[in-house]
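File shown: start28.cif (mmCIF, C-alpha atoms).
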```
data_query
#
loop_
_atom_site.label_atom_id
_atom_site.label_comp_id
_atom_site.auth_asym_id
_atom_site.auth_seq_id
_atom_site.Cartn_x
_atom_site.Cartn_y
_atom_site.Cartn_z
CA MET A 1 15.37 16.64 -6.39
CA ALA A 2 16.57 13.13 -5.70
CA VAL A 3 14.60 11.61 -8.57
CA GLN A 4 16.55 13.59 -11.10
CA SER A 5 19.78 11.97 -9.98
CA GLN A 6 18.48 8.78 -11.57
CA THR A 7 18.49 10.18 -15.07
CA PRO A 8 21.35 8.86 -17.22
CA ASN A 9 24.74 10.43 -16.92
CA PRO A 10 25.14 12.89 -19.82
CA ASP A 11 28.72 11.69 -20.30
CA HIS A 12 27.39 8.26 -21.10
CA ASN A 13 26.99 8.85 -24.80
CA HIS A 14 24.85 6.44 -26.75
CA ASP A 15 25.08 8.32 -30.02
CA ASN A 16 28.71 7.46 -30.31
CA ASP A 17 28.33 4.01 -31.87
CA HIS A 18 27.87 2.24 -28.53
CA GLU A 19 31.36 2.82 -27.26
CA HIS A 20 30.68 2.77 -23.55
CA GLU A 21 33.08 1.14 -21.19
CA HIS A 22 31.46 -1.87 -19.61
CA PRO A 23 31.21 -4.97 -21.79
CA HIS A 24 27.89 -6.80 -21.86
CA ALA A 25 26.03 -9.37 -23.92
CA GLU A 26 23.73 -8.12 -26.63
CA ILE A 27 20.43 -7.04 -25.08
CA SER A 28 17.80 -9.06 -26.86
CA GLN A 29 14.85 -11.30 -26.10
CA SER A 30 15.98 -14.83 -26.84
CA GLU A 31 13.30 -16.79 -25.01
CA ARG A 32 9.85 -17.40 -26.43
CA PRO A 33 7.20 -15.19 -24.82
CA GLY A 34 5.27 -16.95 -22.07
CA TYR A 35 1.51 -17.43 -21.78
CA TYR A 36 0.93 -14.16 -19.94
CA ASP A 37 3.25 -12.21 -22.24
CA ILE A 38 1.17 -13.33 -25.21
CA MET A 39 -2.08 -12.60 -23.34
CA GLU A 40 -0.88 -9.09 -22.46
CA THR A 41 0.18 -8.35 -26.03
CA ALA A 42 -3.12 -9.64 -27.41
CA ILE A 43 -5.26 -7.58 -25.03
CA ARG A 44 -3.12 -4.47 -25.52
CA GLU A 45 -3.34 -4.73 -29.30
CA LEU A 46 -7.09 -5.31 -29.16
CA LEU A 47 -7.62 -2.28 -26.91
CA VAL A 48 -5.54 -0.08 -29.19
CA GLU A 49 -7.15 -1.46 -32.35
CA ARG A 50 -10.62 -0.72 -30.96
CA LYS A 51 -9.43 2.77 -29.97
CA LEU A 52 -10.29 2.22 -26.28
CA ILE A 53 -6.78 3.33 -25.36
CA GLY A 54 -3.98 4.75 -27.44
CA ALA A 55 -0.43 3.43 -27.73
CA ASP A 56 0.80 6.77 -26.41
CA GLU A 57 -1.35 6.45 -23.29
CA ILE A 58 0.35 3.14 -22.50
CA ARG A 59 3.79 4.63 -23.10
CA ARG A 60 2.91 7.63 -20.94
CA GLN A 61 1.70 5.43 -18.08
CA ILE A 62 4.99 3.48 -18.15
CA GLU A 63 6.75 6.84 -17.92
CA VAL A 64 4.56 7.74 -14.91
CA LEU A 65 5.39 4.47 -13.14
CA ASP A 66 9.10 4.76 -13.92
CA SER A 67 9.17 8.22 -12.35
CA ARG A 68 8.12 6.82 -8.97
CA THR A 69 10.93 5.62 -6.70
CA PRO A 70 11.49 5.18 -2.95
CA ALA A 71 13.13 8.63 -2.97
CA LEU A 72 9.60 10.10 -2.99
CA GLY A 73 8.52 8.11 0.06
CA ALA A 74 11.78 9.03 1.80
CA LYS A 75 11.02 12.70 1.24
CA VAL A 76 7.56 12.24 2.77
CA VAL A 77 9.02 10.46 5.81
CA ALA A 78 11.77 13.05 6.32
CA ARG A 79 9.24 15.87 6.13
CA ALA A 80 7.01 14.13 8.68
CA TRP A 81 9.95 13.72 11.08
CA ARG A 82 10.78 17.44 10.92
CA ASP A 83 7.33 18.97 10.66
CA ALA A 84 4.80 17.89 13.30
CA GLU A 85 1.87 19.53 11.54
CA PHE A 86 2.70 17.79 8.28
CA ARG A 87 3.03 14.52 10.19
CA ALA A 88 -0.46 14.98 11.65
CA ARG A 89 -1.91 15.66 8.20
CA LEU A 90 -0.03 12.67 6.77
CA LEU A 91 -1.44 10.32 9.41
CA ALA A 92 -4.94 11.74 8.94
CA ASN A 93 -4.93 11.47 5.13
CA GLY A 94 -1.84 10.00 3.52
CA ARG A 95 -2.87 10.71 -0.02
CA ALA A 96 -3.69 14.38 0.55
CA ALA A 97 -0.43 14.97 2.42
CA CYS A 98 1.64 13.36 -0.36
CA GLU A 99 -0.21 15.47 -2.91
CA GLU A 100 0.87 18.52 -0.92
CA LEU A 101 4.46 17.58 -1.78
CA GLY A 102 3.58 17.28 -5.45
CA ILE A 103 3.32 13.48 -5.48
CA SER A 104 0.23 12.73 -7.54
CA PHE A 105 -1.92 9.62 -7.22
CA TYR A 106 -2.76 8.52 -10.72
CA ASP A 107 -5.40 5.99 -9.61
CA ASP A 108 -8.32 5.69 -7.18
CA THR A 109 -6.27 4.30 -4.30
CA GLN A 110 -6.17 5.86 -0.86
CA LEU A 111 -3.05 5.88 1.31
CA ILE A 112 -2.95 5.07 5.00
CA VAL A 113 0.34 5.95 6.68
CA LEU A 114 1.19 3.72 9.62
CA GLU A 115 3.41 5.20 12.30
CA ASN A 116 5.95 3.00 14.07
CA THR A 117 6.36 3.88 17.74
CA GLU A 118 7.99 2.46 20.85
CA LYS A 119 4.89 0.30 21.27
CA VAL A 120 3.82 -0.61 17.73
CA HIS A 121 5.69 -1.98 14.74
CA ASN A 122 3.88 -1.98 11.39
CA LEU A 123 4.48 -4.30 8.47
CA ILE A 124 2.73 -4.19 5.10
CA VAL A 125 1.85 -6.99 2.70
CA CYS A 126 -0.63 -7.84 -0.02
CA THR A 127 -1.61 -11.47 0.43
CA LEU A 128 -3.76 -11.55 -2.72
CA CYS A 129 -1.30 -10.08 -5.23
CA SER A 130 1.15 -7.19 -5.05
CA CYS A 131 -0.78 -4.07 -3.98
CA TYR A 132 1.90 -1.56 -3.04
CA PRO A 133 2.08 2.21 -2.57
CA ARG A 134 3.46 2.66 -6.08
CA PRO A 135 2.74 6.40 -6.36
CA VAL A 136 5.25 7.00 -3.53
CA LEU A 137 7.59 3.98 -3.73
CA GLY A 138 7.57 2.84 -7.35
CA LEU A 139 7.63 -0.87 -8.15
CA PRO A 140 7.68 -3.41 -5.31
CA PRO A 141 10.70 -5.67 -4.75
CA ASP A 142 10.39 -9.20 -6.11
CA TRP A 143 10.21 -10.83 -2.66
CA TYR A 144 7.19 -8.66 -1.83
CA LYS A 145 5.32 -10.25 -4.75
CA LEU A 146 6.30 -13.86 -4.06
CA LYS A 147 4.12 -16.28 -2.13
CA PRO A 148 6.46 -17.03 0.80
CA TYR A 149 6.47 -13.40 1.96
CA ARG A 150 2.77 -12.91 1.21
CA ALA A 151 1.69 -15.99 3.16
CA ARG A 152 4.12 -15.73 6.03
CA ALA A 153 3.87 -11.99 6.70
CA VAL A 154 0.31 -12.47 7.97
CA SER A 155 0.82 -15.79 9.76
CA GLU A 156 4.30 -15.51 11.31
CA PRO A 157 5.38 -11.88 10.99
CA ARG A 158 7.96 -12.12 13.80
CA ALA A 159 9.77 -14.97 12.06
CA VAL A 160 9.72 -13.06 8.74
CA LEU A 161 11.06 -9.92 10.41
CA ALA A 162 13.80 -11.95 12.13
CA GLU A 163 14.93 -13.17 8.71
CA PHE A 164 15.40 -9.52 7.74
CA GLY A 165 17.46 -9.13 10.92
CA THR A 166 14.68 -7.27 12.71
CA ILE A 167 13.95 -8.60 16.18
CA ILE A 168 10.85 -7.06 17.71
CA PRO A 169 10.57 -7.41 21.51
CA ASP A 170 7.45 -9.17 22.75
CA ASP A 171 6.18 -6.05 24.48
CA VAL A 172 5.98 -4.29 21.11
CA GLU A 173 2.75 -4.98 19.23
CA ILE A 174 3.07 -6.06 15.62
CA ARG A 175 0.41 -4.79 13.24
CA VAL A 176 0.36 -6.36 9.83
CA SER A 177 -1.68 -4.43 7.26
CA ASP A 178 -2.92 -6.57 4.39
CA SER A 179 -3.56 -4.32 1.42
CA THR A 180 -6.23 -5.86 -0.76
CA ALA A 181 -8.44 -3.40 -2.57
CA VAL A 182 -8.55 0.40 -2.54
CA VAL A 183 -6.10 1.23 0.22
CA ARG A 184 -2.33 1.28 0.04
CA TYR A 185 -0.13 1.48 3.10
CA LEU A 186 3.14 3.22 3.84
CA VAL A 187 5.09 2.73 7.06
CA LEU A 188 6.37 5.86 8.78
CA PRO A 189 9.48 4.45 10.50
CA LYS A 190 10.84 5.69 13.80
CA ARG A 191 13.35 8.49 13.46
CA PRO A 192 16.72 7.01 14.39
CA ASP A 193 18.66 8.21 17.42
CA GLY A 194 21.64 10.36 16.56
CA ALA A 195 19.95 12.16 13.65
CA GLU A 196 18.64 15.08 15.67
CA ASP A 197 20.72 17.65 13.77
CA TYR A 198 20.10 16.25 10.30
CA SER A 199 18.51 18.36 7.60
CA GLU A 200 15.43 17.09 5.80
CA GLU A 201 17.59 16.01 2.88
CA GLN A 202 20.02 14.15 5.14
CA LEU A 203 17.13 12.42 6.88
CA ALA A 204 15.63 11.40 3.55
CA GLY A 205 18.97 9.82 2.68
CA LEU A 206 18.58 7.44 5.62
CA VAL A 207 15.11 6.19 4.69
CA THR A 208 15.10 3.01 2.63
CA ARG A 209 12.37 1.24 0.69
CA ASP A 210 12.44 -1.72 3.08
CA ALA A 211 11.99 0.56 6.09
CA MET A 212 8.84 1.97 4.49
CA ILE A 213 7.53 -1.58 3.98
CA GLY A 214 8.32 -2.20 7.65
CA VAL A 215 10.78 -5.09 7.39
CA ILE A 216 13.71 -3.10 8.82
CA PRO A 217 14.12 0.02 10.97
CA VAL A 218 15.83 3.16 9.75
CA SER A 219 19.34 3.37 11.10
CA ILE A 220 22.15 5.81 10.58
CA GLU A 221 24.59 3.01 9.74
CA ALA A 222 22.39 1.41 7.06
CA GLY A 223 21.62 4.73 5.39
CA GLY A 224 25.27 5.63 4.87
CA PRO A 225 27.08 8.79 5.93
CA PRO A 226 25.26 12.12 6.01
CA LEU A 227 25.28 14.14 2.78
CA MET B 228 -39.22 11.60 9.93
CA GLN B 229 -35.90 10.40 11.16
CA HIS B 230 -32.75 9.79 9.24
CA ARG B 231 -29.39 8.56 10.35
CA THR B 232 -26.82 11.15 11.11
CA ASP B 233 -23.25 10.12 10.84
CA ASP B 234 -20.25 11.81 12.34
CA THR B 235 -17.93 10.69 9.59
CA MET B 236 -19.82 12.74 6.99
CA SER B 237 -19.75 16.48 7.31
CA GLY B 238 -23.17 17.26 5.95
CA VAL B 239 -24.87 20.62 5.81
CA HIS B 240 -27.69 20.74 8.35
CA GLY B 241 -30.90 19.28 6.95
CA VAL B 242 -29.24 17.40 4.07
CA VAL B 243 -30.37 13.77 3.94
CA PHE B 244 -27.86 11.28 2.56
CA ALA B 245 -28.77 8.37 0.32
CA LEU B 246 -28.55 5.07 2.16
CA ASP B 247 -25.50 3.90 0.26
CA GLU B 248 -23.65 7.12 1.09
CA VAL B 249 -23.90 6.42 4.80
CA PRO B 250 -21.53 3.78 6.19
CA ALA B 251 -23.41 0.79 7.63
CA PHE B 252 -20.75 0.25 10.30
CA GLN B 253 -18.96 2.57 12.67
CA ALA B 254 -15.59 2.42 14.38
CA GLY B 255 -15.92 0.15 17.41
CA ASN B 256 -18.55 -2.19 15.91
CA ARG B 257 -17.85 -5.90 16.31
CA ILE B 258 -18.16 -7.78 13.04
CA ARG B 259 -17.80 -11.18 11.48
CA VAL B 260 -16.42 -11.69 7.96
CA LEU B 261 -18.93 -13.75 6.00
CA THR B 262 -18.15 -17.26 4.88
CA ARG B 263 -18.98 -17.28 1.20
CA SER B 264 -17.20 -18.19 -2.00
CA PRO B 265 -18.49 -16.12 -4.90
CA ILE B 266 -17.43 -16.95 -8.44
CA GLY B 267 -15.42 -14.25 -10.13
CA HIS B 268 -13.36 -11.40 -8.77
CA TYR B 269 -13.37 -10.55 -5.10
CA ARG B 270 -10.86 -9.07 -2.66
CA VAL B 271 -11.39 -10.94 0.60
CA PRO B 272 -8.63 -13.47 1.32
CA THR B 273 -9.85 -16.93 2.36
CA TYR B 274 -7.97 -16.82 5.66
CA LEU B 275 -10.45 -14.19 6.86
CA ARG B 276 -13.66 -16.13 6.28
CA GLY B 277 -15.76 -16.48 9.40
CA LYS B 278 -13.31 -14.54 11.57
CA THR B 279 -14.45 -11.90 14.02
CA GLY B 280 -12.91 -8.50 14.55
CA LEU B 281 -13.46 -4.83 15.24
CA VAL B 282 -14.18 -1.98 12.85
CA GLU B 283 -11.32 0.46 13.32
CA ALA B 284 -12.26 3.06 10.71
CA THR B 285 -14.48 3.76 7.74
CA ILE B 286 -12.56 4.31 4.54
CA GLU B 287 -13.79 7.27 2.54
CA PRO B 288 -14.93 7.73 -0.12
CA ALA B 289 -17.34 4.89 -0.91
CA ALA B 290 -15.97 2.62 -3.60
CA VAL B 291 -17.25 0.32 -6.33
CA ASP B 292 -17.90 -3.32 -5.40
CA ASN B 293 -15.13 -5.38 -7.00
CA GLU B 294 -17.44 -8.35 -7.40
CA GLU B 295 -19.73 -6.26 -9.61
CA GLU B 296 -16.91 -4.40 -11.31
CA GLY B 297 -15.40 -7.73 -12.37
CA TYR B 298 -18.40 -8.11 -14.68
CA GLY B 299 -18.49 -4.50 -15.82
CA ARG B 300 -21.42 -3.66 -13.57
CA ASN B 301 -20.65 -0.56 -11.54
CA ALA B 302 -23.74 1.59 -11.34
CA GLY B 303 -25.25 1.84 -7.88
CA SER B 304 -22.81 -0.60 -6.35
CA LYS B 305 -20.77 1.84 -4.30
CA ARG B 306 -20.41 1.00 -0.63
CA HIS B 307 -17.79 1.59 2.00
CA TYR B 308 -14.67 -0.32 2.86
CA TYR B 309 -13.80 -0.65 6.53
CA ARG B 310 -10.44 -1.03 8.18
CA ILE B 311 -10.89 -4.13 10.31
CA ALA B 312 -8.70 -5.14 13.26
CA ILE B 313 -8.39 -8.86 14.00
CA PRO B 314 -6.08 -10.36 16.63
CA MET B 315 -3.49 -12.77 15.19
CA SER B 316 -4.63 -15.32 17.78
CA GLU B 317 -8.13 -15.23 16.20
CA LEU B 318 -6.67 -15.98 12.78
CA TRP B 319 -4.05 -18.54 13.75
CA PRO B 320 -4.71 -20.73 16.82
CA ASN B 321 -1.01 -21.61 17.10
CA TYR B 322 0.25 -18.07 16.57
CA VAL B 323 3.69 -17.39 18.03
CA GLY B 324 4.20 -13.84 19.29
CA SER B 325 2.59 -11.27 21.52
CA PRO B 326 -1.14 -11.72 22.24
CA ARG B 327 -1.51 -8.08 21.18
CA ASP B 328 -0.19 -8.72 17.65
CA GLY B 329 -2.89 -8.11 15.10
CA LEU B 330 -3.93 -7.81 11.49
CA ARG B 331 -5.46 -4.80 9.81
CA ILE B 332 -7.29 -5.22 6.52
CA GLU B 333 -9.84 -3.37 4.45
CA VAL B 334 -13.05 -5.31 3.85
CA PHE B 335 -16.01 -4.29 1.68
CA GLU B 336 -19.35 -3.72 3.38
CA THR B 337 -21.12 -6.67 1.72
CA TRP B 338 -18.71 -9.07 3.45
CA LEU B 339 -19.43 -7.97 7.00
CA GLU B 340 -22.13 -8.80 9.52
CA ARG B 341 -22.63 -7.16 12.86
CA ILE B 342 -22.27 -9.39 15.90
#
```

Take the structure in the file and give it back as structure tokens.
Amino acid sequence: MAVQSQTPNPDHNHDNDHEHEHPHAEISQSERPGYYDIMETAIRELLVERKLIGADEIRRQIEVLDSRTPALGAKVVARAWRDAEFRARLLANGRAACEELGISFYDDTQLIVLENTEKVHNLIVCTLCSCYPRPVLGLPPDWYKLKPYRARAVSEPRAVLAEFGTIIPDDVEIRVSDSTAVVRYLVLPKRPDGAEDYSEEQLAGLVTRDAMIGVIPVSIEAGGPPL
Amino acid sequence: MQHRTDDTMSGVHGVVFALDEVPAFQAGNRIRVLTRSPIGHYRVPTYLRGKTGLVEATIEPAAVDNEEEGYGRNAGSKRHYYRIAIPMSELWPNYVGSPRDGLRIEVFETWLERI
């Protein structure tokens, strides 16, 4: 599975007195913690001290979040492109269809999958904060969380898309989905031309995080050569 | 005695749903987003206040009201979210793009009025 390829290279041996090849500065925290860092530490320590949550539960949840990457979403998209029945189930209930592929949802969020077509281009944003389909894509990119994208995606989506190099013709409707509470969105991009003979794994290799946010299309060039 | 039947809930014949189990709005209803500014936690962006749109879908299952949850009060406050469609031209008078461009957003039941 693609996720496993992200585990450290076994040849990269940390037991051997830190002798790896690339030089780098000592990894340490030199700046004073900020207001929110201190707030987070205080609340976390209080919750643990009062036995409302355990330190291991926090560690485990970090492990859960770290295990989620765009490779999962890419697998979902590739399956939908090759399997019409799966695609129908995915569009009817995104969460249930992802769970079919073993992708769990560790919270109460629902998932709506938005299909890009010849007539409709979907874009996702969270204007209030950074709601994002983390169970299937992992952590959002920094620009997704910053105010310029959040404000402009809902007010001038065509200009934002153009800055990503994506020009949407005027006869194509743009639908911006603002994720604010219990629903997360995932864009099902259009399957690129020229990938008719690709296997599911090859197709998944073409699907990028940004395409599943809706800021770029999937293209054979951008995704690199077939596996 | 009459009770509301609702196509979005697959009930066994004769089963009566509690009022808060049954969505107050249906796909196709025209709505307005209320103009109010509660203190505390809520999930309706200010750019939506007073805007009109169309209910596109009911989001199942019913969910806790964030405004209550923000104060630790959850019991009995479950209602539905709705996926609302609003034209960009309704939100932004000077919008540049296709007149068919639109926004989709989920809004909690207590923020909507039928028009």

Using only C-alpha atoms, find each residue in chain B having at least one atom no more than 8 Å away from chain A; report its shortest atom-to-atom pair and that distance in Å (one decimal), rows by chain then rising number, as a Markdown table.
```
| residue | atom | partner | partner_atom | distance |
| --- | --- | --- | --- | --- |
| B:Arg270 | CA | A:Thr180 | CA | 5.9 |
| B:Val271 | CA | A:Thr180 | CA | 7.4 |
| B:Pro272 | CA | A:Leu128 | CA | 6.6 |
| B:Ala290 | CA | A:Val182 | CA | 7.8 |
| B:Met315 | CA | A:Ser155 | CA | 7.6 |
| B:Trp319 | CA | A:Ser155 | CA | 6.9 |
| B:Tyr322 | CA | A:Glu156 | CA | 7.1 |
| B:Val323 | CA | A:Glu156 | CA | 7.0 |
| B:Gly324 | CA | A:Asp170 | CA | 6.7 |
| B:Ser325 | CA | A:Asp170 | CA | 5.4 |
| B:Arg327 | CA | A:Glu173 | CA | 5.6 |
| B:Asp328 | CA | A:Ile174 | CA | 4.7 |
| B:Gly329 | CA | A:Arg175 | CA | 5.0 |
| B:Leu330 | CA | A:Val176 | CA | 4.8 |
| B:Arg331 | CA | A:Ser177 | CA | 4.6 |
| B:Ile332 | CA | A:Asp178 | CA | 5.0 |
| B:Glu333 | CA | A:Thr180 | CA | 6.8 |
```

Take the residues from that selection and write them out as a PDB file, in the frame of the given file, keeping C-alpha atoms.
```pdb
ATOM      1  CA  ARG B 270     -10.860  -9.070  -2.660  1.00  0.00           C
ATOM      2  CA  VAL B 271     -11.390 -10.940   0.600  1.00  0.00           C
ATOM      3  CA  PRO B 272      -8.630 -13.470   1.320  1.00  0.00           C
ATOM      4  CA  ALA B 290     -15.970   2.620  -3.600  1.00  0.00           C
ATOM      5  CA  MET B 315      -3.490 -12.770  15.190  1.00  0.00           C
ATOM      6  CA  TRP B 319      -4.050 -18.540  13.750  1.00  0.00           C
ATOM      7  CA  TYR B 322       0.250 -18.070  16.570  1.00  0.00           C
ATOM      8  CA  VAL B 323       3.690 -17.390  18.030  1.00  0.00           C
ATOM      9  CA  GLY B 324       4.200 -13.840  19.290  1.00  0.00           C
ATOM     10  CA  SER B 325       2.590 -11.270  21.520  1.00  0.00           C
ATOM     11  CA  ARG B 327      -1.510  -8.080  21.180  1.00  0.00           C
ATOM     12  CA  ASP B 328      -0.190  -8.720  17.650  1.00  0.00           C
ATOM     13  CA  GLY B 329      -2.890  -8.110  15.100  1.00  0.00           C
ATOM     14  CA  LEU B 330      -3.930  -7.810  11.490  1.00  0.00           C
ATOM     15  CA  ARG B 331      -5.460  -4.800   9.810  1.00  0.00           C
ATOM     16  CA  ILE B 332      -7.290  -5.220   6.520  1.00  0.00           C
ATOM     17  CA  GLU B 333      -9.840  -3.370   4.450  1.00  0.00           C
TER      18      GLU B 333
END
```

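With atom CA of A:Tyr35 on one side and atom CA of B:Glu295 on the other, the separation reads 26.9 Å.
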
Assuming 5 Å of padding per side, give the centre and edge lengths of the axis-aligned box around every listed atom of stretch 47-50 of chain A, in Å to one decimal and as AutoDock Vina command-line options.
```
--center_x -8.1 --center_y -1.2 --center_z -29.6 --size_x 15.1 --size_y 12.2 --size_z 15.4
```

Contacts of B:Val282 at 9 Å (all atoms listed in the file; same-chain gap of 2+ positions) as number ranges by chain: B: 252-258, 280, 284-285, 309-312

List every protein, DNA or RNA residue that has at least one atom no more than 7 Å from (-8.5, -13.0, 16.0) in the file's coordinates, counting only C-alpha atoms, and write the result as a ChimeraX atom specification. /B:278-280,313-318

Evaluate the PyMOL selection byres ((chain B and resi 260) around 7) on the structure here and hand back the selected residues as a ChimeraX atom specification. /B:258-259,261-262,275-279,338-340

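Between B:Glu287 and the residues B:Glu248, B:Asn301, B:His268, B:Thr273, the shortest atom-to-atom distance, using all atoms listed in the file, involves B:Glu248.
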